[in-house]
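What follows is a single structure, written as structure tokens, with notes after it.
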Amino acid sequence: MALVVEDVEFQHILRVLNTNVDGRTRVAYALTKIRGIGRRFANMVCKKAEIDLKKRAGELSEEEIEAIKTIIANPRSFNIPDWFLNNQKDRKGGKWGQDVANGLDTRLRDNFERMKKIRLHRGLRHYWGLKVRGQHTKTTGRNARTAGPLAAKK
């Protein structure tokens with residue numbers, strides 16, 4: 001068993017971008033708990049913020065957390081390439097960026113609503129609750145459309 005020295009500054013749960021992050025996990029892996037941030041993006045953010053990857057998330061100082069937030073908010077200003085971002089050339093503003101947490105949910109909902117409004121095939125499939133990406137539907141995916149107790153009464 002390893003000797004564990006409890007630090008006064010250690011935080012077991014961090015609140016970063018409206019998400020609870022486990023302080024006991026390593027920084028790069030802990031950042032992946034935020035919606036919209038994957039392993040590679042989290043790794044790159046830690047490197048740009050000059051944070052040791054072996055450090056636990058609970059050991060981060062307030063300055064390091066703020067550095068992470070600013071890099072996630074403006075990734076292009078920290079020389080993160082455009083192909084790395086999840087919001088590439090937004091339809092409304094033409095901007096490039098990384099959508100995370102609530103912003104990601106809002107953007108996806110807006111995109112689905114836009115597709116439904118202009119009667120796009122993909123939007124209609126979303127509306128009808130059918131498979132969207134060209135999968136076969138004759139024999140597979142029959143359980144996905146059940147409506148709870150109503151389907152069980154047959």
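How things are named: the first chain in the structure tokens is A, the next is B, and so on; residues count from 1 in each chain; ligands count from 1 in the order shown.
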### Message
I'd like to know which residues of chain A are alpha helix (DSSP H) (by DSSP, run on the backbone); could you write them as a PyMOL selection string?
### Response
chain A and resi 27-31+39-48+62-73+101-117+121-128+149-152
### Message
For the strand (DSSP E or B) assignment from backbone DSSP, which residues of chain A qualify? Please present them as a PyMOL selection string.
### Response
chain A and resi 13-16+19-22+26+56+87+97
### Query
Near segment 71-80 of chain A, within 12 Å and counting only C-alpha atoms, which residues show up once chain neighbours fewer than 4 positions away are dropped, as an NGL selection string?
:A and (16-17 or 31 or 34-38 or 40-50 or 64-67 or 84-88 or 95-101 or 103)
Next, write the just-selected residues to a file, as a compact mmCIF listing (two decimals), in the first residue's frame, keeping C-alpha atoms as the atom set.
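Wrote part.txt, looks like this:
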# COMPACT_ATOMS: atom_id res chain seq x y z
CA VAL A 16 -14.97 23.24 -14.49
CA LEU A 17 -17.27 24.55 -17.25
CA LEU A 31 -10.93 16.88 -18.62
CA ILE A 34 -16.51 17.61 -19.85
CA ARG A 35 -18.83 17.17 -22.84
CA GLY A 36 -17.08 18.14 -26.07
CA ILE A 37 -13.54 17.39 -24.89
CA GLY A 38 -11.91 14.15 -25.95
CA ARG A 40 -6.50 14.12 -27.64
CA PHE A 41 -7.93 17.61 -27.18
CA ALA A 42 -7.53 17.34 -23.39
CA ASN A 43 -3.94 16.22 -23.86
CA MET A 44 -3.21 19.15 -26.17
CA VAL A 45 -4.84 21.64 -23.77
CA CYS A 46 -2.65 20.38 -20.92
CA LYS A 47 0.47 20.71 -23.05
CA LYS A 48 -0.44 24.25 -24.16
CA ALA A 49 -1.13 25.22 -20.53
CA GLU A 50 2.22 23.65 -19.53
CA GLU A 64 -3.87 26.47 -13.93
CA ILE A 65 -7.64 25.94 -14.03
CA GLU A 66 -8.11 29.44 -15.47
CA ALA A 67 -5.42 28.71 -18.08
CA PHE A 84 -8.67 19.62 -34.26
CA LEU A 85 -11.81 21.59 -33.33
CA ASN A 86 -15.34 20.20 -33.10
CA ASN A 87 -17.11 23.34 -34.38
CA GLN A 88 -15.55 23.97 -37.74
CA LYS A 95 -16.22 31.10 -36.82
CA TRP A 96 -14.07 28.17 -35.78
CA GLY A 97 -14.02 27.00 -32.16
CA GLN A 98 -14.45 24.23 -29.64
CA ASP A 99 -17.97 23.75 -28.28
CA VAL A 100 -18.13 22.31 -24.78
CA ALA A 101 -20.76 21.52 -22.13
CA GLY A 103 -22.79 25.26 -25.72
### Task
State, in Å with one decimal place, the distance from atom CA of Leu130 of chain A to atom CA of Glu113 of chain A.
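The value is 15.9 Å.
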### Query
What is the distance, in Å and to one decimal place, between atom CA of Asn18 of chain A and atom CA of Thr70 of chain A?
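Computed distance, atom CA of Asn18 of chain A to atom CA of Thr70 of chain A, equals 14.6 Å.
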### Task
Would you kindly return, as a ChimeraX atom specification, each protein, DNA or RNA residue with an atom no farther than 10 Å from any atom of Asp52 of chain A, considering only C-alpha atoms and excluding same-chain residues fewer than 4 positions away?
/A:26-28,46-47,56,60
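Our summary of the geometry notes that atom CA of Arg142 of chain A is positioned 27.8 Å from atom CA of Ile118 of chain A.
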### Message
Would you pick out the contacts of Phe112 of chain A at 10 Å or less, using only C-alpha atoms, so that residues sharing its chain but fewer than 6 positions from it are not included, and give the list as a list in words?
### Response
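The residues satisfying every condition are Leu120, Arg122, Gly123, Leu124, His126 and Tyr127 of chain A.
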